[in-house]
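Novice: File model_39.txt below, compact mmCIF, C-alpha atoms:
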```txt
# COMPACT_ATOMS: atom_id res chain seq x y z
CA MET A 524 13.93 -20.12 -9.88
CA SER A 525 15.46 -17.82 -12.52
CA GLY A 526 18.28 -19.02 -14.79
CA ASP A 527 20.08 -15.74 -14.16
CA PRO A 528 22.55 -16.46 -11.33
CA THR A 529 22.27 -12.93 -9.95
CA ALA A 530 18.50 -13.10 -9.87
CA ALA A 531 18.71 -16.58 -8.38
CA GLU A 532 21.00 -15.31 -5.63
CA PHE A 533 18.57 -12.51 -4.85
CA GLU A 534 15.67 -14.93 -4.76
CA THR A 535 17.54 -17.26 -2.41
CA LEU A 536 18.08 -14.39 -0.01
CA ILE A 537 14.59 -12.96 -0.18
CA ARG A 538 12.23 -15.88 -0.74
CA PRO A 539 12.18 -17.10 2.88
CA HIS A 540 11.01 -13.65 3.98
CA LEU A 541 8.39 -12.91 1.37
CA ASP A 542 5.41 -14.30 3.23
CA ARG A 543 6.21 -12.28 6.32
CA LEU A 544 6.91 -9.16 4.29
CA TYR A 545 3.62 -9.53 2.47
CA ARG A 546 1.72 -10.00 5.73
CA LEU A 547 3.24 -6.84 7.15
CA ALA A 548 2.48 -5.00 3.91
CA TYR A 549 -1.12 -6.17 4.07
CA ARG A 550 -1.47 -5.03 7.66
CA LEU A 551 -0.07 -1.63 6.80
CA THR A 552 -2.05 -1.05 3.63
CA LEU A 553 -5.22 -3.07 4.36
CA THR A 554 -5.68 -4.26 0.77
CA VAL A 555 -4.17 -6.97 -1.41
CA ALA A 556 -3.51 -4.58 -4.28
CA ASP A 557 -1.64 -2.07 -2.14
CA ALA A 558 0.22 -4.82 -0.27
CA GLN A 559 1.41 -6.32 -3.55
CA ASP A 560 2.45 -2.90 -4.81
CA LEU A 561 4.36 -2.21 -1.62
CA VAL A 562 6.20 -5.54 -1.70
CA GLN A 563 6.98 -5.04 -5.39
CA ASP A 564 8.41 -1.59 -4.75
CA VAL A 565 10.56 -2.94 -1.92
CA LEU A 566 11.95 -5.74 -4.07
CA VAL A 567 12.82 -3.28 -6.83
CA LYS A 568 14.68 -1.16 -4.28
CA LEU A 569 16.46 -4.12 -2.70
CA TYR A 570 17.63 -5.83 -5.86
CA PRO A 571 20.63 -3.52 -6.43
CA ARG A 572 21.56 -4.01 -2.75
CA ARG A 573 22.20 -7.75 -2.99
CA ASP A 574 25.70 -7.52 -1.53
CA GLU A 575 24.40 -5.60 1.46
CA LEU A 576 21.62 -8.13 1.94
CA SER A 577 23.99 -11.05 1.98
CA SER A 578 26.09 -9.43 4.70
CA ILE A 579 23.23 -8.97 7.16
CA ASP A 580 22.94 -11.64 9.84
CA ASP A 581 19.27 -11.28 10.68
CA LEU A 582 17.40 -10.12 7.63
CA THR A 583 13.90 -10.34 9.08
CA PRO A 584 13.80 -7.08 11.08
CA TRP A 585 15.96 -5.32 8.52
CA LEU A 586 13.63 -6.16 5.66
CA SER A 587 10.61 -5.23 7.72
CA ARG A 588 12.16 -1.85 8.43
CA VAL A 589 12.83 -1.26 4.73
CA LEU A 590 9.24 -2.11 3.94
CA TYR A 591 7.90 0.11 6.69
CA ASN A 592 10.04 3.04 5.52
CA GLN A 593 8.84 2.53 1.97
CA PHE A 594 5.27 2.55 3.23
CA VAL A 595 5.78 5.79 5.14
CA GLN A 596 7.53 7.41 2.17
CA GLN A 597 4.75 6.42 -0.21
CA THR A 598 2.06 7.55 2.19
CA ARG A 599 3.66 10.97 2.24
CA ARG A 600 3.77 11.00 -1.53
CA TYR A 601 0.15 9.93 -1.70
CA ARG A 602 -0.83 12.87 0.43
CA SER A 603 0.98 15.31 -1.78
CA GLN A 604 -0.57 14.19 -5.05
CA ARG A 605 -3.87 15.42 -6.36
CA PHE A 606 -5.66 15.11 -9.62
CA ARG A 607 -6.64 18.33 -11.28
CA VAL A 608 -10.24 18.52 -12.35
CA VAL A 609 -10.62 20.38 -15.60
CA LEU A 610 -14.24 19.86 -16.49
CA GLU A 611 -17.36 19.13 -14.56
CA THR A 612 -19.51 16.26 -15.72
CA ASP A 613 -21.70 17.36 -18.59
CA GLY A 614 -24.20 14.58 -18.74
CA ASP A 615 -22.12 12.27 -20.86
CA PRO A 616 -23.11 8.64 -20.46
CA MET A 617 -20.27 7.90 -18.09
CA ASP A 618 -20.60 4.95 -15.84
CA SER A 619 -19.43 4.65 -12.31
CA LEU A 620 -16.86 2.18 -11.09
CA ALA A 621 -19.20 0.70 -8.52
CA GLY A 622 -20.68 -2.69 -9.24
CA PRO A 623 -20.30 -6.39 -8.75
CA GLY A 624 -16.96 -8.05 -9.10
CA GLU A 625 -16.06 -9.31 -5.65
CA ASP A 626 -14.78 -12.81 -5.48
CA PRO A 627 -17.66 -14.87 -4.06
CA ALA A 628 -15.30 -17.03 -2.05
CA GLU A 629 -13.73 -13.95 -0.57
CA GLU A 630 -17.15 -12.55 0.24
CA ALA A 631 -18.10 -15.77 1.98
CA LEU A 632 -15.07 -15.45 4.21
CA ARG A 633 -16.04 -12.01 5.34
CA SER A 634 -18.03 -12.53 8.44
CA PHE A 635 -19.91 -9.69 9.99
CA ASP A 636 -17.39 -9.51 12.80
CA ILE A 637 -14.39 -9.26 10.52
CA SER A 638 -15.90 -6.54 8.41
CA GLU A 639 -16.91 -4.55 11.47
CA VAL A 640 -13.45 -4.81 12.99
CA ARG A 641 -11.87 -3.82 9.69
CA SER A 642 -14.22 -0.92 9.36
CA ALA A 643 -13.34 0.28 12.83
CA LEU A 644 -9.64 -0.18 12.12
CA GLY A 645 -10.04 2.00 9.07
CA ARG A 646 -11.24 4.79 11.29
CA LEU A 647 -8.17 4.73 13.50
CA SER A 648 -5.32 7.08 12.74
CA GLU A 649 -2.62 5.48 10.66
CA ASP A 650 -0.11 5.72 13.51
CA HIS A 651 -2.44 3.91 15.89
CA ARG A 652 -3.58 1.31 13.39
CA THR A 653 -0.03 0.45 12.39
CA VAL A 654 1.25 -0.37 15.86
CA LEU A 655 -1.99 -2.08 16.84
CA LEU A 656 -1.96 -4.45 13.88
CA MET A 657 1.75 -5.12 14.15
CA HIS A 658 1.44 -5.97 17.83
CA ASP A 659 -1.99 -7.50 18.31
CA ALA A 660 -2.60 -9.01 14.88
CA GLU A 661 0.89 -9.98 13.74
CA GLY A 662 2.42 -10.59 17.15
CA TYR A 663 5.45 -8.35 16.82
CA LYS A 664 7.04 -7.60 20.17
CA LEU A 665 7.41 -4.02 21.34
CA GLN A 666 11.17 -4.09 20.76
CA GLU A 667 10.67 -5.45 17.25
CA ILE A 668 8.23 -2.66 16.45
CA GLN A 669 10.77 -0.19 17.78
CA ILE A 670 13.44 -1.57 15.44
CA ILE A 671 11.11 -1.56 12.44
CA THR A 672 9.51 1.83 12.94
CA GLY A 673 12.16 3.72 14.86
CA ILE A 674 9.50 4.77 17.39
CA SER A 675 10.40 4.53 21.07
CA VAL A 676 8.89 1.73 23.13
CA GLY A 677 7.19 4.27 25.37
CA THR A 678 5.45 5.90 22.41
CA ILE A 679 4.49 2.50 21.02
CA LYS A 680 2.91 1.53 24.34
CA SER A 681 1.04 4.79 24.49
CA ARG A 682 -0.23 4.42 20.93
CA LEU A 683 -1.24 0.83 21.59
CA HIS A 684 -3.20 1.81 24.66
CA ARG A 685 -5.00 4.63 22.89
CA ALA A 686 -5.59 2.55 19.76
CA ARG A 687 -7.22 -0.26 21.74
CA ALA A 688 -9.34 2.18 23.68
CA ARG A 689 -10.47 3.90 20.49
CA LEU A 690 -11.18 0.59 18.76
CA ARG A 691 -13.27 -0.59 21.72
CA GLU A 692 -15.10 2.70 21.62
CA LEU A 693 -15.87 2.35 17.91
CA LEU A 694 -16.97 -1.26 18.21
CA THR A 695 -19.07 -0.51 21.26
CA ALA A 696 -20.74 2.37 19.46
CA ASP A 697 -21.80 0.16 16.55
CA GLY A 698 -23.00 -2.57 18.88
CA THR A 699 -20.45 -5.23 18.00
CA PHE A 700 -18.56 -5.00 21.26
CA SER A 701 -20.21 -5.39 24.64
CA GLY A 702 -17.75 -3.68 26.88
CA PRO A 703 -18.57 -2.53 30.41
CA ASN A 704 -19.59 0.85 29.11
CA ALA A 705 -21.89 -0.52 26.46
CA MET B 1304 -6.21 -2.03 45.81
CA ASN B 1305 -9.83 -2.95 45.35
CA ALA B 1306 -10.85 0.62 46.02
CA GLU B 1307 -9.48 1.76 42.63
CA HIS B 1308 -9.87 0.15 39.28
CA ILE B 1309 -6.77 -0.78 37.35
CA ASP B 1310 -7.79 -0.30 33.71
CA ASN B 1311 -4.56 1.48 32.92
CA GLN B 1312 -2.49 -1.53 33.98
CA LEU B 1313 -4.33 -4.22 32.10
CA ASP B 1314 -2.55 -3.72 28.78
CA ALA B 1315 0.81 -4.10 30.45
CA TYR B 1316 -0.53 -7.08 32.39
CA LEU B 1317 -1.63 -8.83 29.21
CA ASP B 1318 1.61 -7.90 27.46
CA GLY B 1319 3.63 -9.41 30.31
CA GLU B 1320 5.30 -6.08 30.85
CA LEU B 1321 4.63 -5.68 34.57
CA PRO B 1322 7.27 -6.37 37.22
CA GLU B 1323 6.53 -9.44 39.29
CA GLN B 1324 5.13 -7.64 42.33
CA GLU B 1325 2.82 -5.44 40.27
CA ARG B 1326 1.68 -8.43 38.26
CA ARG B 1327 0.76 -10.20 41.50
CA ASN B 1328 -1.11 -7.14 42.73
CA VAL B 1329 -3.13 -6.96 39.53
CA PHE B 1330 -3.84 -10.66 39.70
CA GLU B 1331 -5.20 -10.33 43.24
CA HIS B 1332 -7.22 -7.27 42.33
CA LEU B 1333 -8.84 -9.07 39.42
CA HIS B 1334 -10.11 -11.77 41.75
CA GLY B 1335 -11.91 -9.24 43.88
CA CYS B 1336 -13.14 -6.73 41.30
CA ARG B 1337 -15.88 -7.78 38.94
CA GLN B 1338 -15.60 -4.65 36.79
CA CYS B 1339 -11.87 -4.97 36.20
CA HIS B 1340 -12.30 -8.68 35.58
CA GLN B 1341 -14.83 -7.85 32.87
CA THR B 1342 -12.54 -5.19 31.42
CA LEU B 1343 -9.77 -7.77 31.22
CA ALA B 1344 -12.08 -10.23 29.49
CA ASP B 1345 -13.06 -7.55 26.97
CA ALA B 1346 -9.42 -6.69 26.34
CA LYS B 1347 -8.64 -10.35 25.71
CA SER B 1348 -11.62 -10.62 23.42
CA LEU B 1349 -10.52 -7.61 21.40
CA ARG B 1350 -7.02 -9.00 21.02
CA ALA B 1351 -8.39 -12.34 19.91
CA ARG B 1352 -10.48 -10.65 17.27
CA LEU B 1353 -7.45 -8.77 15.99
CA ALA B 1354 -5.27 -11.87 16.05
CA ASN B 1355 -7.89 -13.71 14.01
CA LEU B 1356 -8.23 -11.05 11.35
CA PRO B 1357 -7.39 -12.88 8.15
CA VAL B 1358 -4.71 -11.78 5.75
CA GLU B 1359 -5.91 -12.03 2.17
CA GLY B 1360 -3.12 -13.68 0.22
CA PRO B 1361 -1.48 -12.29 -2.89
CA ALA B 1362 -2.14 -13.54 -6.40
CA PRO B 1363 -0.81 -17.10 -6.86
CA ASP B 1364 2.14 -16.09 -9.02
CA PHE B 1365 2.75 -12.77 -7.35
CA PHE B 1366 6.03 -13.56 -5.58
CA ALA B 1367 7.63 -15.09 -8.67
CA GLN B 1368 6.46 -12.21 -10.83
CA ALA B 1369 7.59 -9.59 -8.31
CA LEU B 1370 11.07 -11.14 -8.11
CA ALA B 1371 11.29 -11.22 -11.91
CA ASN B 1372 10.16 -7.59 -12.15
CA ALA B 1373 12.81 -6.53 -9.65
CA ALA B 1374 15.53 -8.19 -11.73
CA ASN B 1375 14.21 -6.73 -14.98
CA GLN B 1376 14.01 -3.20 -13.66
CA ASP B 1377 17.53 -3.43 -12.29
CA ARG B 1378 18.86 -4.33 -15.74
CA GLN B 1379 17.33 -1.17 -17.16
CA ALA B 1380 18.31 1.17 -14.35
CA PRO B 1381 21.86 2.31 -15.28
CA MET B 1382 20.87 3.59 -18.71
CA ASN B 1383 17.83 5.37 -17.33
CA ARG B 1384 19.84 7.25 -14.75
CA TRP B 1385 22.36 8.34 -17.33
CA ALA B 1386 19.78 9.42 -19.85
CA THR B 1387 17.74 11.41 -17.34
CA VAL B 1388 20.42 14.07 -17.24
CA ILE B 1389 20.16 14.55 -20.96
CA GLY B 1390 16.40 14.40 -21.04
CA GLY B 1391 16.12 16.97 -18.29
CA THR B 1392 17.90 19.57 -20.35
CA ILE B 1393 15.31 19.51 -23.09
CA ALA B 1394 12.59 22.10 -22.91
CA ALA B 1395 9.10 20.89 -22.24
CA GLY B 1396 6.97 20.35 -25.28
CA MET B 1397 3.35 21.09 -25.84
CA ALA B 1398 0.77 19.29 -23.79
CA LEU B 1399 -0.73 16.20 -25.27
CA LEU B 1400 -4.16 15.11 -24.19
CA VAL B 1401 -4.89 11.44 -24.28
CA VAL B 1402 -8.08 10.05 -22.88
CA VAL B 1403 -7.14 6.60 -21.72
CA GLY B 1404 -10.53 5.37 -20.75
CA MET B 1405 -13.63 5.60 -18.68
CA LEU B 1406 -14.64 3.75 -15.61
CA GLY B 1407 -17.33 1.24 -16.36
CA ARG B 1408 -20.16 0.21 -14.09
CA THR B 1409 -19.49 -3.43 -14.70
CA PRO B 1410 -16.03 -4.93 -14.47
CA ALA B 1411 -15.11 -5.58 -18.05
CA PRO B 1412 -13.38 -8.89 -18.62
CA GLU B 1413 -11.29 -7.23 -21.28
CA LEU B 1414 -9.47 -4.62 -19.27
CA THR B 1415 -7.42 -3.21 -22.09
CA PRO B 1416 -9.08 -0.65 -24.30
CA GLU B 1417 -7.91 -0.01 -27.81
CA LEU B 1418 -4.36 1.20 -27.78
CA GLN B 1419 -3.58 4.75 -28.67
CA GLY B 1420 -0.25 5.56 -30.18
CA VAL B 1421 1.99 8.48 -29.37
CA THR B 1422 5.38 9.16 -30.89
CA LEU B 1423 8.02 11.19 -29.10
CA ALA B 1424 11.47 12.21 -30.16
CA LEU B 1425 14.36 10.85 -28.15
CA HIS B 1426 15.23 13.14 -25.21
CA GLU B 1427 12.04 15.04 -25.74
CA SER B 1428 10.24 16.17 -22.60
CA ARG B 1429 6.50 16.61 -22.96
CA THR B 1430 3.45 16.73 -20.81
CA LEU B 1431 1.14 13.82 -21.24
CA ASN B 1432 -2.26 14.32 -19.69
CA LEU B 1433 -3.94 11.14 -18.61
CA VAL B 1434 -7.64 11.78 -18.36
CA PHE B 1435 -9.93 9.62 -16.28
CA SER B 1436 -13.64 10.17 -16.62
CA SER B 1437 -15.96 9.17 -13.86
CA ALA B 1438 -19.64 9.76 -13.30
CA GLU B 1439 -19.19 10.01 -9.56
CA ALA B 1440 -16.61 11.05 -7.01
CA LEU B 1441 -14.26 8.28 -5.94
CA GLU B 1442 -12.44 8.63 -2.65
CA GLY B 1443 -9.18 6.79 -2.19
CA ALA B 1444 -8.65 5.75 -5.80
CA ARG B 1445 -5.20 4.39 -6.52
CA LEU B 1446 -3.23 4.79 -9.69
CA VAL B 1447 -0.09 2.90 -10.62
CA VAL B 1448 1.79 3.98 -13.72
CA GLU B 1449 4.34 1.56 -15.14
CA LEU B 1450 6.78 2.91 -17.67
CA PRO B 1451 8.68 0.96 -20.30
CA HIS B 1452 12.42 1.04 -20.57
CA GLY B 1453 13.51 4.42 -21.87
CA LEU B 1454 10.60 6.47 -20.60
CA GLU B 1455 10.61 8.38 -17.34
CA LEU B 1456 8.55 10.88 -15.45
CA GLY B 1457 10.36 14.14 -14.79
CA ALA B 1458 9.36 14.23 -11.13
CA TYR B 1459 10.48 10.63 -10.53
CA PRO B 1460 13.72 10.04 -12.39
CA GLY B 1461 14.84 6.44 -12.48
CA GLU B 1462 11.50 5.08 -11.33
CA GLN B 1463 9.71 2.75 -13.67
CA ARG B 1464 6.73 2.35 -11.39
CA VAL B 1465 5.06 5.31 -9.74
CA ARG B 1466 2.01 5.20 -7.51
CA TRP B 1467 -0.53 7.75 -6.41
CA LYS B 1468 -3.46 7.66 -4.10
CA THR B 1469 -6.00 10.32 -4.72
CA SER B 1470 -9.63 11.17 -5.06
CA LEU B 1471 -11.40 11.52 -8.36
CA GLN B 1472 -14.22 13.95 -8.76
CA ALA B 1473 -17.20 13.55 -11.00
CA GLY B 1474 -16.24 14.50 -14.52
CA ARG B 1475 -12.87 14.50 -16.16
CA ASN B 1476 -9.86 14.16 -13.91
CA VAL B 1477 -6.51 15.00 -15.41
CA LEU B 1478 -3.17 13.72 -14.23
CA PRO B 1479 -0.37 15.61 -16.00
CA LEU B 1480 2.72 13.46 -16.45
CA ASP B 1481 5.96 15.08 -17.52
CA LEU B 1482 7.20 12.32 -19.75
CA ILE B 1483 10.75 12.12 -20.97
CA ALA B 1484 11.98 9.75 -23.67
CA VAL B 1485 15.49 8.99 -22.52
CA ALA B 1486 16.37 5.86 -24.45
CA GLY B 1487 15.12 2.93 -26.38
CA ASN B 1488 12.28 2.60 -28.77
CA GLY B 1489 9.38 3.25 -26.44
CA GLY B 1490 6.85 0.71 -25.35
CA GLU B 1491 3.64 0.68 -23.39
CA ILE B 1492 2.74 2.93 -20.53
CA VAL B 1493 0.44 0.90 -18.33
CA ALA B 1494 -1.87 2.64 -15.91
CA HIS B 1495 -3.74 0.60 -13.30
CA LEU B 1496 -6.64 2.46 -11.73
CA ARG B 1497 -8.10 0.88 -8.62
CA HIS B 1498 -10.92 1.73 -6.30
CA GLY B 1499 -11.86 -0.67 -3.55
CA ASP B 1500 -11.73 -4.15 -5.01
CA LYS B 1501 -12.29 -2.95 -8.56
CA SER B 1502 -9.52 -2.21 -10.97
CA LYS B 1503 -8.98 -1.37 -14.58
CA THR B 1504 -5.87 -1.34 -16.65
CA PHE B 1505 -5.19 1.06 -19.47
CA ARG B 1506 -2.35 0.92 -21.93
CA LEU B 1507 -0.85 3.65 -24.02
CA ARG B 1508 1.71 2.86 -26.69
CA VAL B 1509 4.56 5.33 -27.00
CA ASN B 1510 7.03 5.17 -29.84
CA VAL B 1511 10.36 6.87 -29.41
CA THR B 1512 12.21 8.02 -32.49
CA ASP B 1513 15.79 9.11 -32.73
CA ALA B 1514 14.90 12.38 -34.41
CA THR B 1515 14.49 15.99 -33.43
CA SER B 1516 11.05 16.19 -34.97
CA PHE B 1517 8.21 13.99 -33.89
CA LEU B 1518 4.83 12.90 -34.99
CA ILE B 1519 1.80 12.66 -32.76
CA GLU B 1520 -0.68 9.98 -33.62
CA GLU B 1521 -4.00 10.23 -31.92
CA LYS B 1522 -6.60 7.63 -32.61
CA PRO B 1523 -10.23 8.26 -31.81
CA THR B 1524 -10.91 8.00 -28.12
CA PRO B 1525 -12.50 4.69 -27.22
CA GLY B 1526 -16.02 5.22 -25.98
CA GLN B 1527 -15.68 3.02 -22.98
CA ALA B 1528 -13.24 0.63 -21.38
```
In structure tokens, what does this structure look like?
Specialist:
Amino acid sequence: MSGDPTAAEFETLIRPHLDRLYRLAYRLTLTVADAQDLVQDVLVKLYPRRDELSSIDDLTPWLSRVLYNQFVQQTRRYRSQRFRVVLETDGDPMDSLAGPGEDPAEEALRSFDISEVRSALGRLSEDHRTVLLMHDAEGYKLQEIQIITGISVGTIKSRLHRARARLRELLTADGTFSGPNA
Amino acid sequence: MNAEHIDNQLDAYLDGELPEQERRNVFEHLHGCRQCHQTLADAKSLRARLANLPVEGPAPDFFAQALANAANQDRQAPMNRWATVIGGTIAAGMALLVVVGMLGRTPAPELTPELQGVTLALHESRTLNLVFSSAEALEGARLVVELPHGLELGAYPGEQRVRWKTSLQAGRNVLPLDLIAVAGNGGEIVAHLRHGDKSKTFRLRVNVTDATSFLIEEKPTPGQA
């Protein structure tokens, strides 16, 4: 822990929640890099609010809500930013980014089923994917999701229902799910 | 109840959201309806697959580093906010083009290309064009720009870490950054470019001088990262 008492106080408050925050960030962003970035951004925002943090009885839903709001805010920013292309490629010997580099251990963990489910999840709308992963993958209750996202329970239920139906449809279409309509 | 299938109630049934009487009705229906029973089994299977989706953990020292970064950025924040007001009043300077690197086919173990130096006058606002060259279009590329103490982006005052998600097209992609030197002696601008599981980091050294005139130093562009 840091020798700086202020930083130590912040760490004492936040540390117990970091694993859960990271898991939520990963579910929202789907990648380690983005999840780490999201958690980092949240910690930077929270650090000046140490007094407020220490006065909150149940930090878990509060922190989750801050992280979710940060995610939504950044997603909006992402959508509004575009690179400007100034020159077309002119035959310079430029390489592509594609290539090896995956961690072999990580690759070994990726079973066919997991990759197919992830692929299908990636094709859901962000609204549907978010509530589906929070509820069915992370086990958040409907009321907890309501607190974190500010979305009504009725809307969450509706999104969950449609998200599951769409996911079944996608997995059935690619042959990895043998539903009644397969 | 057997005459009609109950697909639309199965989610609520599995979530434990049904009132007792309705739950009992669904339970009885499931015993007499093979199709709904199969639908329920599929729904359970789907939930199990989602519940078993692994979460890839962060880097081993990520939490400690992230906490330290939060504390460090907070120490710098008050001066940045103050200086932004001053920096914002300075007219924009000429554009400066800096090619920070190319995307290589193989992940280079040395992710930092040769540093290029840029010198700005204190409170000077200039456009710095970061240029990323790519041989092919890249959908969903992510860029994180980390700024040293004393440097800010005009559009994001007070933020030392700004992220974008965008698509790169084949050729040269330019990201104009309105850079303001608001305090300090400069430092390194670090840009992390990521696509899928690949990433590259580029560093650009910026010196800030307490003078009204400034000197631009441009070293030859590195051929490849």
Novice: In Å, rounded to a single decimal, give me how far CA of Asn1488 in chain B is from CA of Leu569 in chain A.
Specialist: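 It comes out at 27.2 Å.
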Novice: When you draw a straight line from CA of Thr552 in chain A to CA of Asp650 in chain A, how long is it in Å?
Specialist: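 Taking CA of Thr552 in chain A as the start and CA of Asp650 in chain A as the end point, the length is 12.1 Å.
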Novice: Counting all atoms listed in the file, which residue out of A:Gly673, A:Pro571, A:Gly645, A:Pro584 sits closest to chain B?
Specialist: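 Using all atoms listed in the file, the shortest distance to chain B belongs to A:Pro571.
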Novice: CA of Arg641 in chain A and CA of Leu566 in chain A are how many Å apart?
Specialist: 27.6 Å
Novice: Let me make sure I understand: among B:Leu1349, B:Leu1317, B:Leu1482, B:Ile1492, which one has the smallest atom-to-atom distance to chain A if we use all atoms listed in the file?
Specialist: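 Comparing B:Leu1349, B:Leu1317, B:Leu1482, B:Ile1492 against chain A, the winner is B:Leu1349.
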Novice: Find the residues around Ser681 in chain A up to 12 Å (only C-alpha atoms counted), leave out those fewer than 6 positions away in its own chain, and share them as a list in words.
Specialist: Asp650, His651, Val654, Leu655, Leu665, Ile674, Ser675, Arg687 and Ala688 of chain A; Asn1311, Gln1312, Asp1314 and Ala1315 of chain B
Novice: List as a ChimeraX atom specification the protein and nucleic acid residues near range 1448-1464 of chain B, meaning an atom at most 6 Å away when all atoms listed in the file are counted, but skip any in the same chain fewer than 4 places from it.
Specialist: /B:1383-1384,1481-1487,1490-1494
Novice: Could you check which of A:Ser648, A:Gln666, A:Ser577, A:Ser587 is closest to chain B, using all atoms listed in the file?
Specialist: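 Once distances to chain B are computed over all atoms listed in the file, the minimum belongs to A:Gln666.
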Novice: Which one of B:Ser1470, B:Asn1328, B:Thr1422, B:Thr1430 sits closest to chain A if you count all atoms listed in the file?
Specialist: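 Answer, going by the shortest atom-to-atom distance: B:Ser1470.
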Novice: What are the centre and the three edge lengths of an axis-aligned box that wraps all atoms of range 670-675 of chain A in the file, given that 3 Å is added to every side, written as AutoDock Vina command-line options and rounded to one decimal in Å?
Specialist:
```
--center_x 11.5 --center_y 1.6 --center_z 16.8 --size_x 9.9 --size_y 12.3 --size_z 14.6
```
Novice: Skipping near chain neighbours, those fewer than 3 positions away, what residues fall within 8 Å of Gln563 in chain A using only C-alpha atoms, listed as an mmCIF file with C-alpha atoms, in the frame of the given file?
Specialist:
```cif
data_model
loop_
_atom_site.group_PDB
_atom_site.id
_atom_site.type_symbol
_atom_site.label_atom_id
_atom_site.label_comp_id
_atom_site.auth_asym_id
_atom_site.auth_seq_id
_atom_site.Cartn_x
_atom_site.Cartn_y
_atom_site.Cartn_z
ATOM 1 C CA GLN A 559 1.410 -6.320 -3.550
ATOM 2 C CA ASP A 560 2.450 -2.900 -4.810
ATOM 3 C CA LEU A 566 11.950 -5.740 -4.070
ATOM 4 C CA VAL A 567 12.820 -3.280 -6.830
ATOM 5 C CA ALA B 1369 7.590 -9.590 -8.310
ATOM 6 C CA LEU B 1370 11.070 -11.140 -8.110
ATOM 7 C CA ASN B 1372 10.160 -7.590 -12.150
ATOM 8 C CA ALA B 1373 12.810 -6.530 -9.650
#
```
Novice: Considering only C-alpha atoms, state which residue in the set B:Glu1442, B:Glu1359, B:Asp1364, B:Asp1513 is at the smallest distance from chain A.
Specialist: B:Glu1359
Novice: Using only C-alpha atoms, can you tell me which of B:Leu1321, B:Leu1478, B:Ala1424, B:Leu1431 comes closest to chain A?
Specialist: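 Of the candidates, the smallest distance to chain A is held by B:Leu1478.
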